[in-house]
$ cat upload19.txt   # compact mmCIF, N, CA and C atoms
# COMPACT_ATOMS: atom_id res chain seq x y z
N MET G 1 9.36 19.01 16.56
CA MET G 1 8.36 18.09 17.08
C MET G 1 9.05 17.02 17.91
N ALA G 2 8.51 16.77 19.09
CA ALA G 2 9.09 15.76 19.97
C ALA G 2 8.80 14.37 19.44
N LYS G 3 9.76 13.48 19.62
CA LYS G 3 9.56 12.10 19.19
C LYS G 3 8.64 11.41 20.17
N GLN G 4 7.77 10.54 19.61
CA GLN G 4 6.85 9.79 20.45
C GLN G 4 6.96 8.33 20.07
N LEU G 5 7.04 7.48 21.06
CA LEU G 5 7.16 6.05 20.82
C LEU G 5 5.78 5.41 20.89
N LEU G 6 5.35 4.83 19.77
CA LEU G 6 4.12 4.06 19.73
C LEU G 6 4.51 2.65 19.32
N SER G 7 3.94 1.67 19.97
CA SER G 7 4.31 0.30 19.62
C SER G 7 3.07 -0.52 19.31
N GLY G 8 3.27 -1.54 18.52
CA GLY G 8 2.21 -2.47 18.17
C GLY G 8 2.67 -3.88 18.46
N LYS G 9 1.79 -4.83 18.20
CA LYS G 9 2.12 -6.23 18.48
C LYS G 9 2.04 -7.03 17.19
N LEU G 10 3.08 -7.84 16.91
CA LEU G 10 3.12 -8.71 15.75
C LEU G 10 2.66 -10.09 16.15
N THR G 11 1.67 -10.63 15.40
CA THR G 11 1.15 -11.97 15.71
C THR G 11 1.99 -13.04 15.02
N SER G 12 1.71 -14.29 15.35
CA SER G 12 2.43 -15.41 14.72
C SER G 12 2.13 -15.50 13.23
N LYS G 13 1.04 -14.90 12.78
CA LYS G 13 0.68 -14.90 11.36
C LYS G 13 1.26 -13.70 10.62
N GLY G 14 2.05 -12.90 11.31
CA GLY G 14 2.68 -11.75 10.67
C GLY G 14 1.79 -10.52 10.61
N GLN G 15 0.69 -10.53 11.34
CA GLN G 15 -0.20 -9.38 11.37
C GLN G 15 0.24 -8.42 12.46
N LEU G 16 0.15 -7.13 12.17
CA LEU G 16 0.59 -6.10 13.11
C LEU G 16 -0.61 -5.32 13.62
N THR G 17 -0.73 -5.23 14.94
CA THR G 17 -1.76 -4.39 15.55
C THR G 17 -1.19 -2.99 15.68
N ILE G 18 -1.85 -2.02 15.04
CA ILE G 18 -1.40 -0.64 15.06
C ILE G 18 -2.21 0.12 16.11
N PRO G 19 -1.55 0.82 17.02
CA PRO G 19 -2.28 1.55 18.07
C PRO G 19 -3.29 2.53 17.49
N VAL G 20 -4.42 2.68 18.17
CA VAL G 20 -5.50 3.54 17.69
C VAL G 20 -5.01 4.98 17.46
N GLU G 21 -4.09 5.45 18.32
CA GLU G 21 -3.58 6.82 18.16
C GLU G 21 -2.89 6.98 16.80
N LEU G 22 -2.13 5.98 16.41
CA LEU G 22 -1.42 6.04 15.13
C LEU G 22 -2.39 5.88 13.96
N ARG G 23 -3.39 4.99 14.10
CA ARG G 23 -4.40 4.83 13.05
C ARG G 23 -5.14 6.13 12.82
N ASN G 24 -5.49 6.81 13.91
CA ASN G 24 -6.17 8.10 13.78
C ASN G 24 -5.27 9.15 13.15
N LEU G 25 -4.01 9.18 13.58
CA LEU G 25 -3.06 10.16 13.05
C LEU G 25 -2.84 9.98 11.56
N LEU G 26 -2.71 8.73 11.10
CA LEU G 26 -2.47 8.44 9.69
C LEU G 26 -3.76 8.32 8.88
N ASN G 27 -4.91 8.40 9.57
CA ASN G 27 -6.21 8.27 8.93
C ASN G 27 -6.31 6.96 8.15
N ILE G 28 -5.97 5.86 8.82
CA ILE G 28 -6.05 4.55 8.17
C ILE G 28 -7.18 3.75 8.79
N ASN G 29 -7.80 2.93 7.97
CA ASN G 29 -8.95 2.14 8.38
C ASN G 29 -8.76 0.69 8.01
N GLU G 30 -9.67 -0.15 8.48
CA GLU G 30 -9.63 -1.57 8.17
C GLU G 30 -9.58 -1.76 6.65
N GLY G 31 -8.67 -2.61 6.20
CA GLY G 31 -8.54 -2.90 4.78
C GLY G 31 -7.54 -2.03 4.06
N ASP G 32 -7.15 -0.89 4.66
CA ASP G 32 -6.13 -0.04 4.03
C ASP G 32 -4.79 -0.75 4.06
N ARG G 33 -3.96 -0.43 3.10
CA ARG G 33 -2.62 -1.01 3.04
C ARG G 33 -1.61 0.05 3.43
N LEU G 34 -0.45 -0.41 3.91
CA LEU G 34 0.63 0.49 4.28
C LEU G 34 1.86 0.13 3.46
N ALA G 35 2.54 1.16 2.95
CA ALA G 35 3.80 0.95 2.25
C ALA G 35 4.91 1.39 3.19
N PHE G 36 5.91 0.54 3.36
CA PHE G 36 7.04 0.84 4.22
C PHE G 36 8.22 1.21 3.34
N VAL G 37 8.71 2.45 3.46
CA VAL G 37 9.83 2.92 2.67
C VAL G 37 11.11 2.70 3.48
N LEU G 38 12.06 2.00 2.88
CA LEU G 38 13.31 1.68 3.56
C LEU G 38 14.46 2.51 3.01
N ASP G 39 15.44 2.78 3.86
CA ASP G 39 16.65 3.45 3.39
C ASP G 39 17.66 2.41 2.91
N GLU G 40 18.85 2.86 2.56
CA GLU G 40 19.86 1.94 2.03
C GLU G 40 20.33 0.91 3.05
N ASN G 41 20.10 1.17 4.34
CA ASN G 41 20.46 0.23 5.41
C ASN G 41 19.28 -0.64 5.83
N GLU G 42 18.24 -0.63 5.02
CA GLU G 42 17.02 -1.39 5.27
C GLU G 42 16.32 -1.00 6.57
N LYS G 43 16.43 0.27 6.93
CA LYS G 43 15.71 0.82 8.08
C LYS G 43 14.48 1.54 7.56
N ILE G 44 13.35 1.39 8.25
CA ILE G 44 12.13 2.06 7.83
C ILE G 44 12.29 3.56 8.07
N ILE G 45 12.08 4.34 7.01
CA ILE G 45 12.18 5.79 7.15
C ILE G 45 10.84 6.47 6.95
N GLU G 46 9.86 5.73 6.42
CA GLU G 46 8.56 6.32 6.17
C GLU G 46 7.50 5.22 6.05
N VAL G 47 6.29 5.53 6.48
CA VAL G 47 5.15 4.65 6.30
C VAL G 47 4.10 5.46 5.54
N GLN G 48 3.67 4.92 4.40
CA GLN G 48 2.70 5.62 3.56
C GLN G 48 1.40 4.84 3.52
N PRO G 49 0.30 5.43 4.02
CA PRO G 49 -1.00 4.76 3.92
C PRO G 49 -1.45 4.67 2.46
N LYS G 50 -1.98 3.52 2.07
CA LYS G 50 -2.53 3.32 0.73
C LYS G 50 -3.97 2.90 0.92
N THR G 51 -4.92 3.77 0.61
CA THR G 51 -6.33 3.47 0.84
C THR G 51 -6.88 2.55 -0.24
N LYS G 52 -7.98 1.87 0.12
CA LYS G 52 -8.63 0.96 -0.81
C LYS G 52 -9.15 1.73 -2.01
N LYS G 53 -9.12 1.08 -3.17
CA LYS G 53 -9.66 1.69 -4.38
C LYS G 53 -10.93 0.94 -4.76
N SER G 54 -11.90 1.69 -5.22
CA SER G 54 -13.14 1.06 -5.64
C SER G 54 -12.99 0.52 -7.06
N ILE G 55 -13.90 -0.35 -7.44
CA ILE G 55 -13.87 -0.88 -8.81
C ILE G 55 -14.08 0.25 -9.81
N ARG G 56 -14.83 1.27 -9.43
CA ARG G 56 -15.03 2.42 -10.33
C ARG G 56 -13.70 3.12 -10.60
N GLY G 57 -12.88 3.23 -9.57
CA GLY G 57 -11.57 3.85 -9.74
C GLY G 57 -10.67 3.02 -10.64
N VAL G 58 -10.73 1.71 -10.48
CA VAL G 58 -9.94 0.82 -11.31
C VAL G 58 -10.41 0.91 -12.76
N MET G 59 -11.71 0.87 -12.96
CA MET G 59 -12.25 0.95 -14.32
C MET G 59 -11.88 2.28 -14.97
N GLY G 60 -11.87 3.36 -14.18
CA GLY G 60 -11.49 4.66 -14.72
C GLY G 60 -10.05 4.69 -15.19
N ALA G 61 -9.20 3.90 -14.54
CA ALA G 61 -7.79 3.84 -14.92
C ALA G 61 -7.58 3.04 -16.19
N LEU G 62 -8.60 2.29 -16.60
CA LEU G 62 -8.50 1.44 -17.79
C LEU G 62 -9.30 2.05 -18.94
N LYS G 63 -9.02 3.28 -19.29
CA LYS G 63 -9.80 4.02 -20.28
C LYS G 63 -9.94 3.27 -21.61
N SER G 64 -8.86 2.68 -22.10
CA SER G 64 -8.89 2.06 -23.41
C SER G 64 -9.57 0.69 -23.40
N THR G 65 -9.96 0.20 -22.25
CA THR G 65 -10.57 -1.13 -22.18
C THR G 65 -11.97 -1.04 -21.59
N ALA G 66 -12.72 -0.04 -21.98
CA ALA G 66 -14.04 0.21 -21.40
C ALA G 66 -15.01 -0.95 -21.61
N ASN G 67 -14.85 -1.74 -22.64
CA ASN G 67 -15.78 -2.84 -22.92
C ASN G 67 -15.31 -4.18 -22.38
N VAL G 68 -14.25 -4.18 -21.59
CA VAL G 68 -13.72 -5.41 -21.03
C VAL G 68 -14.62 -5.86 -19.88
N TYR G 69 -14.82 -7.17 -19.74
CA TYR G 69 -15.61 -7.68 -18.63
C TYR G 69 -14.92 -7.32 -17.31
N VAL G 70 -15.71 -7.19 -16.27
CA VAL G 70 -15.20 -6.76 -14.97
C VAL G 70 -14.07 -7.66 -14.47
N ASP G 71 -14.23 -8.99 -14.57
CA ASP G 71 -13.17 -9.89 -14.09
C ASP G 71 -11.87 -9.66 -14.85
N GLU G 72 -11.97 -9.44 -16.16
CA GLU G 72 -10.77 -9.18 -16.95
C GLU G 72 -10.16 -7.84 -16.57
N ALA G 73 -11.00 -6.87 -16.28
CA ALA G 73 -10.51 -5.55 -15.86
C ALA G 73 -9.77 -5.64 -14.53
N ILE G 74 -10.32 -6.43 -13.62
CA ILE G 74 -9.68 -6.60 -12.31
C ILE G 74 -8.34 -7.30 -12.48
N ASP G 75 -8.29 -8.35 -13.30
CA ASP G 75 -7.04 -9.06 -13.55
C ASP G 75 -6.01 -8.12 -14.17
N LEU G 76 -6.45 -7.31 -15.12
CA LEU G 76 -5.54 -6.36 -15.77
C LEU G 76 -5.01 -5.33 -14.76
N ALA G 77 -5.90 -4.85 -13.89
CA ALA G 77 -5.49 -3.88 -12.88
C ALA G 77 -4.48 -4.50 -11.92
N ARG G 78 -4.70 -5.75 -11.53
CA ARG G 78 -3.75 -6.43 -10.64
C ARG G 78 -2.40 -6.59 -11.31
N THR G 79 -2.40 -6.94 -12.58
CA THR G 79 -1.15 -7.11 -13.32
C THR G 79 -0.40 -5.79 -13.40
N GLU G 80 -1.12 -4.72 -13.71
CA GLU G 80 -0.49 -3.40 -13.80
C GLU G 80 0.07 -2.97 -12.45
N ARG G 81 -0.68 -3.24 -11.37
CA ARG G 81 -0.23 -2.86 -10.03
C ARG G 81 1.02 -3.66 -9.65
N ALA G 82 1.04 -4.93 -9.98
CA ALA G 82 2.21 -5.76 -9.69
C ALA G 82 3.43 -5.22 -10.43
N LYS G 83 3.24 -4.79 -11.68
CA LYS G 83 4.34 -4.22 -12.45
C LYS G 83 4.85 -2.92 -11.81
N GLU G 84 3.90 -2.08 -11.36
CA GLU G 84 4.29 -0.84 -10.68
C GLU G 84 5.10 -1.13 -9.43
N LEU G 85 4.65 -2.10 -8.64
CA LEU G 85 5.36 -2.45 -7.41
C LEU G 85 6.75 -3.00 -7.70
N LYS G 86 6.87 -3.82 -8.74
CA LYS G 86 8.17 -4.36 -9.13
C LYS G 86 9.10 -3.25 -9.57
N ASP G 87 8.59 -2.33 -10.40
CA ASP G 87 9.40 -1.20 -10.86
C ASP G 87 9.85 -0.33 -9.69
N ARG G 88 8.94 -0.09 -8.75
CA ARG G 88 9.27 0.73 -7.58
C ARG G 88 10.32 0.02 -6.73
N SER G 89 10.20 -1.29 -6.59
CA SER G 89 11.18 -2.06 -5.83
C SER G 89 12.57 -1.97 -6.46
N MET G 90 12.61 -2.05 -7.79
CA MET G 90 13.88 -1.96 -8.50
C MET G 90 14.48 -0.56 -8.33
N GLU G 91 13.62 0.48 -8.34
CA GLU G 91 14.11 1.85 -8.13
C GLU G 91 14.74 1.99 -6.75
N LEU G 92 14.08 1.41 -5.73
CA LEU G 92 14.61 1.51 -4.37
C LEU G 92 15.93 0.77 -4.24
N LYS G 93 16.09 -0.36 -4.94
CA LYS G 93 17.36 -1.10 -4.90
C LYS G 93 18.48 -0.31 -5.55
N ASP G 94 18.14 0.47 -6.60
CA ASP G 94 19.15 1.24 -7.32
C ASP G 94 19.59 2.48 -6.55
N GLU G 95 18.79 2.93 -5.58
CA GLU G 95 19.12 4.15 -4.84
C GLU G 95 20.21 3.93 -3.83
$ encode --input "upload19.txt" --output "structure tokens"
Amino acid sequence: MAKQLLSGKLTSKGQLTIPVELRNLLNINEGDRLAFVLDENEKIIEVQPKTKKSIRGVMGALKSTANVYVDEAIDLARTERAKELKDRSMELKDE
């Protein structure tokens, strides 16, 4: 596959405009998150789209806390996600 150069623009607020061709190719939409995978030299080697999750999906992940209030469930989901991201970050540092 031939390499293709697509560029975006970074604003003063740190926001990146992604070209429509790349958004279509990666099937990403407004509100989706992107994970940037770095190599040992801190060069980006991969971009992984992370789509939005619904509250139903979050609640489904909290099987043992079915009777928890929604706000508590959301807080718990955020805490768990933060832990996952920290663990993943530590794994990448160890590689």
$ atom_distance --input "upload19.txt" --atom1 "CA of Ala82 (chain G)" --atom2 "CA of Leu26 (chain G)"
24.5 Å
$ atom_distance --input "upload19.txt" --atom1 "CA of Val20 (chain G)" --atom2 "CA of Val47 (chain G)"
15.6 Å
$ atom_distance --input "upload19.txt" --atom1 "CA of Phe36 (chain G)" --atom2 "CA of Gln48 (chain G)"
6.5 Å
$ residues_near_point --input "upload19.txt" --point "(0.9, -3.1, 4.1)" --cutoff "12 Å" --atoms "only C-alpha atoms" --output "ChimeraX atom specification"
/G:14-18,28-37,47-52
